[in-house]
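**Student:** So here's start_13.pdb (PDB, C-alpha atoms and all ligand atoms).
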```
ATOM      1  CA  MET A   1     -60.055 -68.422 125.406  1.00  0.00           C
ATOM      2  CA  PRO A   2     -57.798 -66.870 124.592  1.00  0.00           C
ATOM      3  CA  THR A   3     -57.721 -64.124 127.158  1.00  0.00           C
ATOM      4  CA  ARG A   4     -55.744 -61.146 125.979  1.00  0.00           C
ATOM      5  CA  ALA A   5     -53.068 -58.632 126.832  1.00  0.00           C
ATOM      6  CA  ARG A   6     -52.876 -57.744 130.524  1.00  0.00           C
ATOM      7  CA  SER A   7     -55.777 -59.993 131.328  1.00  0.00           C
ATOM      8  CA  PHE A   8     -53.561 -62.717 129.874  1.00  0.00           C
ATOM      9  CA  ASP A   9     -51.656 -62.819 133.115  1.00  0.00           C
ATOM     10  CA  LEU A  10     -54.501 -61.999 135.429  1.00  0.00           C
ATOM     11  CA  ARG A  11     -56.579 -64.855 134.271  1.00  0.00           C
ATOM     12  CA  GLY A  12     -55.916 -68.467 133.786  1.00  0.00           C
ATOM     13  CA  ALA A  13     -58.109 -71.361 132.955  1.00  0.00           C
ATOM     14  CA  ALA A  14     -58.082 -75.053 133.472  1.00  0.00           C
ATOM     15  CA  LEU A  15     -59.357 -77.524 130.941  1.00  0.00           C
ATOM     16  CA  SER A  16     -60.319 -81.028 131.949  1.00  0.00           C
ATOM     17  CA  LEU A  17     -59.661 -83.840 129.518  1.00  0.00           C
ATOM     18  CA  GLN A  18     -61.166 -87.263 129.755  1.00  0.00           C
ATOM     19  CA  SER A  19     -60.686 -90.275 127.556  1.00  0.00           C
ATOM     20  CA  ALA A  20     -63.628 -92.099 126.041  1.00  0.00           C
ATOM     21  CA  GLY A  21     -63.509 -94.527 128.942  1.00  0.00           C
ATOM     22  CA  ALA A  22     -63.677 -93.672 132.616  1.00  0.00           C
ATOM     23  CA  ARG A  23     -59.940 -92.963 132.846  1.00  0.00           C
ATOM     24  CA  PRO A  24     -57.519 -91.351 132.406  1.00  0.00           C
ATOM     25  CA  ARG A  25     -58.394 -87.772 133.118  1.00  0.00           C
ATOM     26  CA  ALA A  26     -56.166 -84.750 133.214  1.00  0.00           C
ATOM     27  CA  VAL A  27     -56.422 -81.053 133.957  1.00  0.00           C
ATOM     28  CA  VAL A  28     -54.581 -78.566 131.746  1.00  0.00           C
ATOM     29  CA  CYS A  29     -53.668 -75.050 132.863  1.00  0.00           C
ATOM     30  CA  LEU A  30     -54.157 -72.492 130.084  1.00  0.00           C
ATOM     31  CA  SER A  31     -53.185 -68.848 129.906  1.00  0.00           C
ATOM     32  CA  GLY A  32     -54.029 -68.421 126.237  1.00  0.00           C
ATOM     33  CA  GLY A  33     -50.372 -67.992 125.362  1.00  0.00           C
ATOM     34  CA  MET A  34     -48.376 -69.946 122.814  1.00  0.00           C
ATOM     35  CA  ASP A  35     -46.805 -72.368 125.282  1.00  0.00           C
ATOM     36  CA  SER A  36     -50.021 -73.374 127.041  1.00  0.00           C
ATOM     37  CA  THR A  37     -51.788 -73.749 123.684  1.00  0.00           C
ATOM     38  CA  VAL A  38     -49.174 -76.273 122.546  1.00  0.00           C
ATOM     39  CA  CYS A  39     -49.195 -77.931 125.968  1.00  0.00           C
ATOM     40  CA  ALA A  40     -52.985 -78.362 125.846  1.00  0.00           C
ATOM     41  CA  THR A  41     -52.760 -79.907 122.389  1.00  0.00           C
ATOM     42  CA  LEU A  42     -50.014 -82.247 123.574  1.00  0.00           C
ATOM     43  CA  ALA A  43     -52.058 -83.180 126.645  1.00  0.00           C
ATOM     44  CA  ALA A  44     -55.107 -83.987 124.532  1.00  0.00           C
ATOM     45  CA  ARG A  45     -52.961 -86.357 122.475  1.00  0.00           C
ATOM     46  CA  ALA A  46     -51.418 -87.908 125.580  1.00  0.00           C
ATOM     47  CA  VAL A  47     -54.652 -88.486 127.449  1.00  0.00           C
ATOM     48  CA  ALA A  48     -56.829 -89.672 124.626  1.00  0.00           C
ATOM     49  CA  THR A  49     -56.965 -89.637 120.865  1.00  0.00           C
ATOM     50  CA  ALA A  50     -60.702 -89.124 121.211  1.00  0.00           C
ATOM     51  CA  VAL A  51     -61.323 -86.748 124.061  1.00  0.00           C
ATOM     52  CA  GLY A  52     -64.529 -87.746 125.756  1.00  0.00           C
ATOM     53  CA  MET A  53     -65.205 -84.579 127.665  1.00  0.00           C
ATOM     54  CA  ARG A  54     -63.900 -81.065 127.809  1.00  0.00           C
ATOM     55  CA  GLU A  55     -64.848 -78.657 130.516  1.00  0.00           C
ATOM     56  CA  LEU A  56     -63.434 -75.207 131.086  1.00  0.00           C
ATOM     57  CA  LEU A  57     -62.988 -73.613 134.475  1.00  0.00           C
ATOM     58  CA  GLU A  58     -61.970 -69.981 134.158  1.00  0.00           C
ATOM     59  CA  LEU A  59     -59.954 -68.526 136.989  1.00  0.00           C
ATOM     60  CA  LYS A  60     -60.246 -64.774 137.379  1.00  0.00           C
ATOM     61  CA  VAL A  61     -57.591 -63.946 139.896  1.00  0.00           C
ATOM     62  CA  ASP A  62     -58.293 -60.249 140.428  1.00  0.00           C
ATOM     63  CA  LEU A  63     -56.220 -60.203 143.570  1.00  0.00           C
ATOM     64  CA  PHE A  64     -53.054 -59.979 141.446  1.00  0.00           C
ATOM     65  CA  ARG A  65     -54.124 -56.561 140.250  1.00  0.00           C
ATOM     66  CA  ARG A  66     -54.681 -55.464 143.848  1.00  0.00           C
ATOM     67  CA  ILE A  67     -51.340 -56.882 144.960  1.00  0.00           C
ATOM     68  CA  GLY A  68     -49.477 -55.363 141.999  1.00  0.00           C
ATOM     69  CA  GLY A  69     -45.686 -55.544 141.941  1.00  0.00           C
ATOM     70  CA  SER A  70     -45.478 -56.594 138.301  1.00  0.00           C
ATOM     71  CA  ALA A  71     -45.581 -54.764 134.977  1.00  0.00           C
ATOM     72  CA  LEU A  72     -48.388 -57.144 133.995  1.00  0.00           C
ATOM     73  CA  THR A  73     -50.598 -56.320 136.967  1.00  0.00           C
ATOM     74  CA  ASP A  74     -49.601 -52.816 138.075  1.00  0.00           C
ATOM     75  CA  ALA A  75     -50.372 -49.861 135.786  1.00  0.00           C
ATOM     76  CA  SER A  76     -47.621 -47.807 137.444  1.00  0.00           C
ATOM     77  CA  ILE A  77     -44.937 -50.204 136.176  1.00  0.00           C
ATOM     78  CA  ALA A  78     -44.190 -49.954 132.449  1.00  0.00           C
ATOM     79  CA  VAL A  79     -44.048 -53.060 130.295  1.00  0.00           C
ATOM     80  CA  PRO A  80     -40.449 -53.147 129.018  1.00  0.00           C
ATOM     81  CA  THR A  81     -39.556 -53.545 125.385  1.00  0.00           C
ATOM     82  CA  ALA A  82     -37.249 -56.397 124.446  1.00  0.00           C
ATOM     83  CA  GLY A  83     -34.131 -54.207 124.688  1.00  0.00           C
ATOM     84  CA  GLU A  84     -35.135 -52.689 128.021  1.00  0.00           C
ATOM     85  CA  GLY A  85     -35.711 -56.141 129.445  1.00  0.00           C
ATOM     86  CA  GLU A  86     -31.995 -56.735 129.341  1.00  0.00           C
ATOM     87  CA  ASP A  87     -31.425 -53.617 131.430  1.00  0.00           C
ATOM     88  CA  ALA A  88     -30.881 -54.322 135.149  1.00  0.00           C
ATOM     89  CA  SER A  89     -33.189 -51.421 136.075  1.00  0.00           C
ATOM     90  CA  HIS A  90     -36.118 -53.424 134.721  1.00  0.00           C
ATOM     91  CA  ARG A  91     -35.388 -56.389 136.949  1.00  0.00           C
ATOM     92  CA  THR A  92     -37.055 -56.878 140.312  1.00  0.00           C
ATOM     93  CA  GLY A  93     -34.175 -58.985 141.596  1.00  0.00           C
ATOM     94  CA  ALA A  94     -30.870 -60.335 140.359  1.00  0.00           C
ATOM     95  CA  ASP A  95     -32.338 -62.076 137.331  1.00  0.00           C
ATOM     96  CA  VAL A  96     -36.083 -61.712 137.736  1.00  0.00           C
ATOM     97  CA  PRO A  97     -37.780 -59.410 135.204  1.00  0.00           C
ATOM     98  CA  VAL A  98     -40.354 -56.826 136.130  1.00  0.00           C
ATOM     99  CA  THR A  99     -43.000 -58.810 134.230  1.00  0.00           C
ATOM    100  CA  TYR A 100     -42.791 -61.592 136.815  1.00  0.00           C
ATOM    101  CA  VAL A 101     -46.132 -61.859 138.687  1.00  0.00           C
ATOM    102  CA  PRO A 102     -45.260 -62.809 142.275  1.00  0.00           C
ATOM    103  CA  PHE A 103     -45.912 -66.514 142.876  1.00  0.00           C
ATOM    104  CA  ARG A 104     -48.631 -66.546 140.246  1.00  0.00           C
ATOM    105  CA  ASN A 105     -48.295 -70.117 139.029  1.00  0.00           C
ATOM    106  CA  ALA A 106     -48.848 -71.471 142.542  1.00  0.00           C
ATOM    107  CA  HIS A 107     -52.343 -69.943 142.514  1.00  0.00           C
ATOM    108  CA  PHE A 108     -53.232 -71.532 139.184  1.00  0.00           C
ATOM    109  CA  LEU A 109     -51.701 -74.871 140.124  1.00  0.00           C
ATOM    110  CA  SER A 110     -53.509 -74.929 143.455  1.00  0.00           C
ATOM    111  CA  ALA A 111     -56.872 -74.449 141.725  1.00  0.00           C
ATOM    112  CA  ALA A 112     -55.981 -77.079 139.110  1.00  0.00           C
ATOM    113  CA  VAL A 113     -54.916 -79.621 141.738  1.00  0.00           C
ATOM    114  CA  SER A 114     -58.092 -78.977 143.747  1.00  0.00           C
ATOM    115  CA  TRP A 115     -60.140 -79.643 140.626  1.00  0.00           C
ATOM    116  CA  ALA A 116     -58.064 -82.698 139.696  1.00  0.00           C
ATOM    117  CA  GLU A 117     -58.645 -84.173 143.133  1.00  0.00           C
ATOM    118  CA  VAL A 118     -62.426 -83.819 142.712  1.00  0.00           C
ATOM    119  CA  LEU A 119     -62.409 -85.085 139.106  1.00  0.00           C
ATOM    120  CA  GLY A 120     -60.170 -88.031 139.894  1.00  0.00           C
ATOM    121  CA  ALA A 121     -57.570 -86.738 137.438  1.00  0.00           C
ATOM    122  CA  LYS A 122     -54.021 -87.811 138.167  1.00  0.00           C
ATOM    123  CA  THR A 123     -52.153 -85.372 135.931  1.00  0.00           C
ATOM    124  CA  VAL A 124     -52.063 -81.594 135.748  1.00  0.00           C
ATOM    125  CA  PHE A 125     -50.395 -80.212 132.605  1.00  0.00           C
ATOM    126  CA  LEU A 126     -48.783 -76.777 132.616  1.00  0.00           C
ATOM    127  CA  GLY A 127     -46.819 -75.225 129.758  1.00  0.00           C
ATOM    128  CA  ALA A 128     -43.964 -73.738 131.774  1.00  0.00           C
ATOM    129  CA  VAL A 129     -40.753 -73.126 129.819  1.00  0.00           C
ATOM    130  CA  GLU A 130     -37.369 -72.596 131.433  1.00  0.00           C
ATOM    131  CA  GLN A 131     -35.153 -72.002 128.419  1.00  0.00           C
ATOM    132  CA  ASP A 132     -35.906 -68.884 126.413  1.00  0.00           C
ATOM    133  CA  SER A 133     -38.284 -67.706 129.143  1.00  0.00           C
ATOM    134  CA  SER A 134     -37.743 -64.392 130.825  1.00  0.00           C
ATOM    135  CA  GLY A 135     -36.154 -65.840 133.946  1.00  0.00           C
ATOM    136  CA  TYR A 136     -39.283 -66.375 136.005  1.00  0.00           C
ATOM    137  CA  PRO A 137     -38.508 -68.342 139.174  1.00  0.00           C
ATOM    138  CA  ASP A 138     -41.779 -70.276 138.847  1.00  0.00           C
ATOM    139  CA  CYS A 139     -40.678 -71.736 135.518  1.00  0.00           C
ATOM    140  CA  ARG A 140     -37.806 -73.755 136.974  1.00  0.00           C
ATOM    141  CA  PRO A 141     -37.909 -77.578 137.173  1.00  0.00           C
ATOM    142  CA  ALA A 142     -37.062 -77.406 140.895  1.00  0.00           C
ATOM    143  CA  TYR A 143     -40.231 -75.402 141.474  1.00  0.00           C
ATOM    144  CA  TYR A 144     -42.378 -78.190 140.035  1.00  0.00           C
ATOM    145  CA  ALA A 145     -40.486 -80.893 141.905  1.00  0.00           C
ATOM    146  CA  ALA A 146     -41.218 -78.990 145.112  1.00  0.00           C
ATOM    147  CA  PHE A 147     -44.863 -78.479 144.132  1.00  0.00           C
ATOM    148  CA  ASN A 148     -45.274 -82.200 143.456  1.00  0.00           C
ATOM    149  CA  GLU A 149     -43.879 -82.889 146.912  1.00  0.00           C
ATOM    150  CA  LEU A 150     -46.492 -80.495 148.303  1.00  0.00           C
ATOM    151  CA  ILE A 151     -49.231 -82.391 146.430  1.00  0.00           C
ATOM    152  CA  ARG A 152     -47.988 -85.705 147.827  1.00  0.00           C
ATOM    153  CA  THR A 153     -48.193 -84.276 151.321  1.00  0.00           C
ATOM    154  CA  GLY A 154     -51.315 -82.180 151.025  1.00  0.00           C
ATOM    155  CA  THR A 155     -53.878 -84.136 149.001  1.00  0.00           C
ATOM    156  CA  ARG A 156     -56.129 -87.029 149.992  1.00  0.00           C
ATOM    157  CA  ASP A 157     -54.290 -89.747 148.054  1.00  0.00           C
ATOM    158  CA  GLY A 158     -51.113 -87.851 147.186  1.00  0.00           C
ATOM    159  CA  ASP A 159     -51.094 -89.306 143.676  1.00  0.00           C
ATOM    160  CA  ILE A 160     -51.628 -86.256 141.454  1.00  0.00           C
ATOM    161  CA  GLN A 161     -48.638 -85.019 139.485  1.00  0.00           C
ATOM    162  CA  VAL A 162     -47.927 -81.718 137.786  1.00  0.00           C
ATOM    163  CA  VAL A 163     -46.131 -82.279 134.481  1.00  0.00           C
ATOM    164  CA  THR A 164     -44.404 -79.642 132.356  1.00  0.00           C
ATOM    165  CA  PRO A 165     -43.654 -81.283 128.986  1.00  0.00           C
ATOM    166  CA  LEU A 166     -42.294 -78.103 127.382  1.00  0.00           C
ATOM    167  CA  ILE A 167     -39.996 -76.994 130.157  1.00  0.00           C
ATOM    168  CA  ALA A 168     -36.719 -77.950 128.442  1.00  0.00           C
ATOM    169  CA  LEU A 169     -37.725 -76.847 124.936  1.00  0.00           C
ATOM    170  CA  ARG A 170     -36.645 -73.679 123.215  1.00  0.00           C
ATOM    171  CA  LYS A 171     -39.383 -71.380 121.944  1.00  0.00           C
ATOM    172  CA  SER A 172     -38.628 -72.275 118.332  1.00  0.00           C
ATOM    173  CA  GLU A 173     -39.001 -75.962 119.185  1.00  0.00           C
ATOM    174  CA  ILE A 174     -42.378 -75.206 120.768  1.00  0.00           C
ATOM    175  CA  VAL A 175     -43.528 -73.476 117.574  1.00  0.00           C
ATOM    176  CA  SER A 176     -42.346 -76.449 115.500  1.00  0.00           C
ATOM    177  CA  LEU A 177     -44.113 -78.865 117.844  1.00  0.00           C
ATOM    178  CA  GLY A 178     -47.274 -76.778 117.736  1.00  0.00           C
ATOM    179  CA  VAL A 179     -47.270 -76.761 113.940  1.00  0.00           C
ATOM    180  CA  GLU A 180     -46.640 -80.529 113.880  1.00  0.00           C
ATOM    181  CA  LEU A 181     -49.503 -81.177 116.320  1.00  0.00           C
ATOM    182  CA  GLY A 182     -51.869 -78.763 114.625  1.00  0.00           C
ATOM    183  CA  ALA A 183     -52.126 -76.595 117.746  1.00  0.00           C
ATOM    184  CA  PRO A 184     -54.301 -73.494 117.211  1.00  0.00           C
ATOM    185  CA  LEU A 185     -51.397 -71.038 117.479  1.00  0.00           C
ATOM    186  CA  HIS A 186     -53.359 -68.470 115.468  1.00  0.00           C
ATOM    187  CA  VAL A 187     -55.678 -67.882 118.423  1.00  0.00           C
ATOM    188  CA  SER A 188     -52.945 -67.841 121.058  1.00  0.00           C
ATOM    189  CA  TRP A 189     -51.824 -64.470 122.385  1.00  0.00           C
ATOM    190  CA  SER A 190     -48.416 -63.539 123.765  1.00  0.00           C
ATOM    191  CA  CYS A 191     -48.269 -59.717 123.736  1.00  0.00           C
ATOM    192  CA  TYR A 192     -47.966 -57.963 127.095  1.00  0.00           C
ATOM    193  CA  SER A 193     -49.256 -54.648 125.723  1.00  0.00           C
ATOM    194  CA  GLY A 194     -51.570 -54.983 122.719  1.00  0.00           C
ATOM    195  CA  GLU A 195     -55.295 -55.627 122.928  1.00  0.00           C
ATOM    196  CA  THR A 196     -56.334 -56.139 119.315  1.00  0.00           C
ATOM    197  CA  GLU A 197     -52.910 -56.086 117.647  1.00  0.00           C
ATOM    198  CA  ALA A 198     -49.724 -57.460 119.170  1.00  0.00           C
ATOM    199  CA  CYS A 199     -47.210 -54.627 119.730  1.00  0.00           C
ATOM    200  CA  GLY A 200     -44.286 -56.540 118.239  1.00  0.00           C
ATOM    201  CA  VAL A 201     -41.743 -54.913 120.546  1.00  0.00           C
ATOM    202  CA  CYS A 202     -42.391 -56.127 124.106  1.00  0.00           C
ATOM    203  CA  GLU A 203     -40.233 -58.941 125.467  1.00  0.00           C
ATOM    204  CA  SER A 204     -42.937 -61.527 124.899  1.00  0.00           C
ATOM    205  CA  CYS A 205     -43.592 -60.418 121.309  1.00  0.00           C
ATOM    206  CA  ALA A 206     -39.854 -60.439 120.609  1.00  0.00           C
ATOM    207  CA  LEU A 207     -39.504 -63.996 121.922  1.00  0.00           C
ATOM    208  CA  ARG A 208     -42.504 -65.134 119.895  1.00  0.00           C
ATOM    209  CA  LEU A 209     -41.432 -63.457 116.657  1.00  0.00           C
ATOM    210  CA  ARG A 210     -37.910 -64.859 116.944  1.00  0.00           C
ATOM    211  CA  ALA A 211     -39.283 -68.338 117.667  1.00  0.00           C
ATOM    212  CA  PHE A 212     -41.557 -68.325 114.612  1.00  0.00           C
ATOM    213  CA  ALA A 213     -38.690 -67.022 112.441  1.00  0.00           C
ATOM    214  CA  GLN A 214     -36.288 -69.691 113.694  1.00  0.00           C
ATOM    215  CA  ALA A 215     -38.932 -72.389 113.161  1.00  0.00           C
ATOM    216  CA  GLY A 216     -39.628 -71.122 109.651  1.00  0.00           C
ATOM    217  CA  ALA A 217     -43.309 -70.746 110.491  1.00  0.00           C
ATOM    218  CA  VAL A 218     -45.786 -67.932 109.829  1.00  0.00           C
ATOM    219  CA  ASP A 219     -47.390 -66.217 112.819  1.00  0.00           C
ATOM    220  CA  ALA A 220     -51.000 -65.433 111.919  1.00  0.00           C
ATOM    221  CA  VAL A 221     -51.503 -63.098 114.896  1.00  0.00           C
ATOM    222  CA  PRO A 222     -51.934 -59.430 113.808  1.00  0.00           C
ATOM    223  CA  TYR A 223     -48.997 -57.139 114.634  1.00  0.00           C
ATOM    224  CA  ALA A 224     -49.033 -53.348 114.845  1.00  0.00           C
ATOM    225  CA  SER A 225     -45.612 -53.054 113.239  1.00  0.00           C
TER     226      SER A 225
HETATM  227 ZN    ZN A 301     -46.107 -57.133 122.559  1.00  0.00          ZN
END
```
Translate this file's structure into structure tokens.
**Tutor:**
Amino acid sequence: MPTRARSFDLRGAALSLQSAGARPRAVVCLSGGMDSTVCATLAARAVATAVGMRELLELKVDLFRRIGGSALTDASIAVPTAGEGEDASHRTGADVPVTYVPFRNAHFLSAAVSWAEVLGAKTVFLGAVEQDSSGYPDCRPAYYAAFNELIRTGTRDGDIQVVTPLIALRKSEIVSLGVELGAPLHVSWSCYSGETEACGVCESCALRLRAFAQAGAVDAVPYAS
């Protein structure tokens, strides 16, 4: 971690957290982006002040590249700049941007819940954000309510819960929270295009830059412009 650029959305990872005692345990989904970095820091605080064990399970979901259908997974679809993202021609549906990866979060959550069931963890953290996000349907609270219902029905004990502590926060509030918690935002990566330098103009860079500006914080990630 962090994974970068296009691999940012092709790969995810899950981090298991365990308190010094036998319980509680939690699994945290990480993409390497700003939101999941803050979420992981928050989860570490929530589960245990002294984390007893950390284990990383990297998920390389190459099938997304084969399925395509998103600017983040299909080389034939251009990554829009912030201004283009507001253009209807860059939307795959009424309000869904072309950077949406079809049903991606369900894949990551399924792996995380499988792992949680084996570990005995009762909580899966995921840094989904509804406000200030790009309109992804898998960042809506209703999606997670439905997923939790699926877990109740489809797991051995039905007692694992997906939690999304950032979902109602604005991006600037997430930056402020990250700074307050000491989250390693300097190693998080949000750019959809850049590999070694963030482009500064894609939708994700624009959201990040605006959030840091509004929070009055300095973004240590290198930008091309
Ligand atoms: Zn960018």
**Student:** So that each row is one residue of chain A with an atom at most 10 Å from ligand ZN 301 (chain A), can you give its shortest atom pair and the distance in Å to one decimal, using only C-alpha atoms and all ligand atoms, rows by chain and rising number, as CSV?
**Tutor:**
```
residue,atom,partner,partner_atom,distance
A:Ala5,CA,A:ZN301,ZN,8.3
A:Val79,CA,A:ZN301,ZN,9.0
A:Pro80,CA,A:ZN301,ZN,9.5
A:Thr81,CA,A:ZN301,ZN,8.0
A:Ala82,CA,A:ZN301,ZN,9.1
A:Trp189,CA,A:ZN301,ZN,9.3
A:Ser190,CA,A:ZN301,ZN,6.9
A:Cys191,CA,A:ZN301,ZN,3.6
A:Tyr192,CA,A:ZN301,ZN,5.0
A:Ser193,CA,A:ZN301,ZN,5.1
A:Gly194,CA,A:ZN301,ZN,5.9
A:Glu195,CA,A:ZN301,ZN,9.3
A:Glu197,CA,A:ZN301,ZN,8.5
A:Ala198,CA,A:ZN301,ZN,5.0
A:Cys199,CA,A:ZN301,ZN,3.9
A:Gly200,CA,A:ZN301,ZN,4.7
A:Val201,CA,A:ZN301,ZN,5.3
A:Cys202,CA,A:ZN301,ZN,4.1
A:Glu203,CA,A:ZN301,ZN,6.8
A:Ser204,CA,A:ZN301,ZN,5.9
A:Cys205,CA,A:ZN301,ZN,4.3
A:Ala206,CA,A:ZN301,ZN,7.3
A:Leu207,CA,A:ZN301,ZN,9.5
A:Arg208,CA,A:ZN301,ZN,9.2
A:Leu209,CA,A:ZN301,ZN,9.8
A:Tyr223,CA,A:ZN301,ZN,8.4
A:Ala224,CA,A:ZN301,ZN,9.1
```
**Student:** Please identify all polymer residues lying at most 12 Å from the point (-50.2, -55.4, 142.8) (file coordinates), using all atoms listed in the file, and present the result as a list in words.
**Tutor:** Leu10, Val61, Asp62, Leu63, Phe64, Arg65, Arg66, Ile67, Gly68, Gly69, Ser70, Ala71, Leu72, Thr73, Asp74, Ala75, Ser76, Ile77, Val98, Thr99, Tyr100, Val101, Pro102, Phe103 and Arg104 of chain A
**Student:** Using all atoms listed in the file, can you tell me which of A:Pro97, A:Pro24, A:Pro141, A:Gly33 comes closest to Pro184 (chain A)?
**Tutor:**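 Residue with the minimum atom-to-atom distance to Pro184 (chain A): A:Gly33.
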**Student:** Which is closer to Gln214 (chain A) than all the others in A:Ser188, A:Ser176, A:Asn148, A:Asn105, using only C-alpha atoms?
**Tutor:**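 Between A:Ser188, A:Ser176, A:Asn148, A:Asn105, the residue approaching Gln214 (chain A) most closely is A:Ser176.
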**Student:** What residues come out when you apply the PyMOL selection byres (((chain A and resi 41) around 12) and not hetatm) to this file, written as a count of residues only?
**Tutor:** 36
**Student:** What box, with edges along x, y and z, holds each listed atom of region 149-155 of chain A when 5 Å is added on every side, and can you state its centre and edge lengths in Å to one decimal, as JSON?
**Tutor:**
```
{"center_x": -48.9, "center_y": -83.1, "center_z": 148.9, "size_x": 20.0, "size_y": 15.2, "size_z": 14.9}
```
**Student:** Considering all atoms listed in the file, can you say which of A:Asp219, A:Glu130, A:Glu58, A:Asp95 comes closest to Val175 (chain A)?
**Tutor:**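 Under the stated criterion, the closest residue is A:Asp219.
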**Student:** Find the residues around Tyr136 (chain A) up to 7 Å (all atoms listed in the file counted), leave out those fewer than 2 positions away in its own chain, and share them as a list of chain:residue names.
**Tutor:**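 Here the answer would be A:Val96, A:Tyr100, A:Ser134, A:Asp138, A:Cys139.
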**Student:** Near region 115-123 of chain A, within 6 Å and counting only C-alpha atoms, which residues show up once chain neighbours fewer than 2 positions away are dropped, as a PyMOL selection string?
**Tutor:** chain A and resi 25-26+112-113+160-162
**Student:** Work out how far apart CA of Leu150 (chain A) and CA of Val124 (chain A) are and give it in Å to one decimal.
**Tutor:**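 Atom-to-atom, CA of Leu150 (chain A) and CA of Val124 (chain A) are spaced 13.8 Å apart.
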**Student:** Can you tell me how far CA of Phe108 (chain A) sits from CA of Pro137 (chain A), in Å to one decimal?
**Tutor:**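 Spanning CA of Phe108 (chain A) to CA of Pro137 (chain A) is a straight-line distance of 15.1 Å.
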